[in-house]
Amino acid sequence: MTATGENTVFLTVAAYSDHELRTAVLRKSAEDYGVPLVIRDRGEPWLNFYHNKIKRLSEHLKQLHDKGKHFAFFLDCRDVVFIEPVDVILAKFNALYDGRVIFNKDAPGEVWPSHKDYLTRAVEEAMGNKYARINSGMYAGETEKILMIQHHAMTLRQELHEGCPRPGILTKLFQEIGTRHSNDDQHLYQICLTYYPELFHIDCDKELFAVLKSYPQDIREHSGDPNRHDVINNAAIIHSPWMAHGEKWNDWVMQNRWER
């Protein structure tokens with residue numbers, strides 16, 4: 001089975017009172033490129049990353065799967081933008097997808113938010129790539145596979161809170177930082193990856209997703225080195241935390257449309 005416009009959902013969570021403002025750039029790029037964006041928890045109270053981006057999202061995905069959505073793209077609502085038409089996005093996804101959920105690759109450095117060297121090494125070893133860094137701001141795959149990851153993440157969090165972490169990374173993190181980051185979706189997915197690497201694919205070559213650490217000057221810039229954090233390579237959707245702060249990002253989007 002391949003992802004199509006009929007069996008795929010593009011989903012974001014906007015549990016904010018000012019959700020219209022926060023989602024403006026993502027919604028505008030979705031409209032420009034024909035992406036049928038679904039916004040869940042629109043205007044609902046924001047509790048924490050775990051509740052809204054794992055627990056509640058899992059509930060939404062189960063309902064969508066029952067309605068025939070066998071593939072899903074999840075996107076953060078305020079710092080992500082589409083830069084290709086929906087048919088190109090799906091074609092790039094289908095070319096890359098191998099049964100593992102495709103996650104965005106984070107910018108170089110230690111894994112966030114715990115910044116523990118042993119977790120960084122565990123992620124690299126599990127992925128077989130020294131540049132592997134998982135970022136949960138964008139991911140895509142079969143709905144069932146995403147639900148499996150979310151179930152495992154919820155189970156690992158429960159073990160942390162019960163004070164009975166399983167041997168391995170979970171025990172190390174529990175001993176050193178306890179439950180300090182247990183409401184952070186990125187932290188939980190990183191831990192989950194070390195136990196279930198067969199479910200994860202980090203897009204280290206920016207074939208579908210790209211994180212930009214610095215302000216991009218030209219959206220059409222390519223590079224032979226996908227580990228640089230200032231280029232998009234072949235990505236069709238891009239993500240950068242700085243774009244949530246200020247109007248500069250909107251100007252950049254309007255000035256850098258793909259020329260066809």
# chains A, B, ... in the order shown; residues from 1 in each chain; ligands from 1
call {"tool": "residues_around", "arguments": {"residues": "stretch 233-238 of chain A", "least_positions_apart": "4", "cutoff": "6 Å", "atoms": "only C-alpha atoms", "output": "list in words"}}
result
Val80, Val81, Phe82, Ile83, Glu84, Ile89, Lys206, Glu207, Leu208, Phe209, Ala210, Val211, His222 and Ser223 of chain A
call {"tool": "residues_around", "arguments": {"residues": "A:Lys28", "least_positions_apart": "5", "cutoff": "12 Å", "atoms": "only C-alpha atoms", "output": "list in words"}}
result
Glu20, Leu21, Arg22, Thr23, Tyr33, Gly34, Val35, Pro36, Leu37, Cys77, Arg78, Val80, Val81, Phe82, Ile83, Asn250, Val253 and Met254 of chain A
call {"tool": "select_by_dssp", "arguments": {"residues": "stretch 135-239 of chain A", "states": "helix (DSSP H, G or I)", "output": "NGL selection string"}}
result
:A and (143-162 or 169-177 or 185-195 or 197-199)
call {"tool": "closest_residue", "arguments": {"among": "A:Ala140, A:Ile191, A:Ala107, A:Val123", "to": "A:Leu212", "atoms": "only C-alpha atoms"}}
result
A:Ala107
call {"tool": "closest_residue", "arguments": {"among": "A:His161, A:Asp87, A:Asp32, A:Cys204", "to": "A:Lys130", "atoms": "only C-alpha atoms"}}
result
A:Cys204
call {"tool": "residues_around", "arguments": {"residues": "stretch 176-183 of chain A", "least_positions_apart": "2", "cutoff": "6 Å", "atoms": "only C-alpha atoms", "output": "PDB file with N, CA and C atoms, in the first residue's frame"}}
result
ATOM      1  N   PHE A  49       3.194  18.633  26.501  1.00  0.00           N
ATOM      2  CA  PHE A  49       3.543  17.963  25.254  1.00  0.00           C
ATOM      3  C   PHE A  49       3.093  16.498  25.258  1.00  0.00           C
ATOM      4  N   TYR A  50       3.238  15.834  26.388  1.00  0.00           N
ATOM      5  CA  TYR A  50       2.831  14.437  26.452  1.00  0.00           C
ATOM      6  C   TYR A  50       1.323  14.294  26.241  1.00  0.00           C
ATOM      7  N   LEU A 173      18.461   7.047  32.692  1.00  0.00           N
ATOM      8  CA  LEU A 173      17.806   8.348  32.752  1.00  0.00           C
ATOM      9  C   LEU A 173      17.033   8.512  34.056  1.00  0.00           C
ATOM     10  N   PHE A 174      16.404   7.467  34.516  1.00  0.00           N
ATOM     11  CA  PHE A 174      15.657   7.542  35.765  1.00  0.00           C
ATOM     12  C   PHE A 174      16.595   7.825  36.939  1.00  0.00           C
TER      13      PHE A 174
END
call {"tool": "select_by_dssp", "arguments": {"residues": "stretch 98-233 of chain A", "states": "strand (DSSP E)", "output": "list in words"}}
result
Val101, Ile102, Phe103, Asn104, Lys105, Ile134, Asn135, Ser136, Gly137, Met138, Tyr139, Ala140, Gly141, Glu142, Phe200, His201, Ile202, Phe209, Ala210 and Val211 of chain A
call {"tool": "write_last_selection", "arguments": {"atoms": "C-alpha atoms", "output": "PDB file, in the first residue's frame"}}
result
ATOM      1  CA  VAL A 101       8.011   5.872  10.581  1.00  0.00           C
ATOM      2  CA  ILE A 102      10.046   8.710   9.079  1.00  0.00           C
ATOM      3  CA  PHE A 103      11.131  11.327  11.605  1.00  0.00           C
ATOM      4  CA  ASN A 104      12.714  14.695  11.059  1.00  0.00           C
ATOM      5  CA  LYS A 105      16.450  14.853  11.744  1.00  0.00           C
ATOM      6  CA  ILE A 134      15.523  12.568  16.224  1.00  0.00           C
ATOM      7  CA  ASN A 135      13.173  15.546  16.077  1.00  0.00           C
ATOM      8  CA  SER A 136       9.484  15.010  16.745  1.00  0.00           C
ATOM      9  CA  GLY A 137       8.312  18.225  15.085  1.00  0.00           C
ATOM     10  CA  MET A 138       7.546  16.295  11.891  1.00  0.00           C
ATOM     11  CA  TYR A 139       7.051  12.597  11.232  1.00  0.00           C
ATOM     12  CA  ALA A 140       5.108  10.430   8.798  1.00  0.00           C
ATOM     13  CA  GLY A 141       4.243   6.783   8.311  1.00  0.00           C
ATOM     14  CA  GLU A 142       1.521   4.178   8.466  1.00  0.00           C
ATOM     15  CA  PHE A 200      12.038   4.495  13.349  1.00  0.00           C
ATOM     16  CA  HIS A 201      13.692   6.037  10.299  1.00  0.00           C
ATOM     17  CA  ILE A 202      15.444   9.382  10.783  1.00  0.00           C
ATOM     18  CA  PHE A 209      11.958  16.694   5.990  1.00  0.00           C
ATOM     19  CA  ALA A 210      14.542  19.293   6.970  1.00  0.00           C
ATOM     20  CA  VAL A 211      15.263  21.153  10.184  1.00  0.00           C
TER      21      VAL A 211
END
call {"tool": "atom_distance", "arguments": {"atom1": "atom CA of A:Ala132", "atom2": "atom CA of A:Glu159"}}
result
25.7 Å
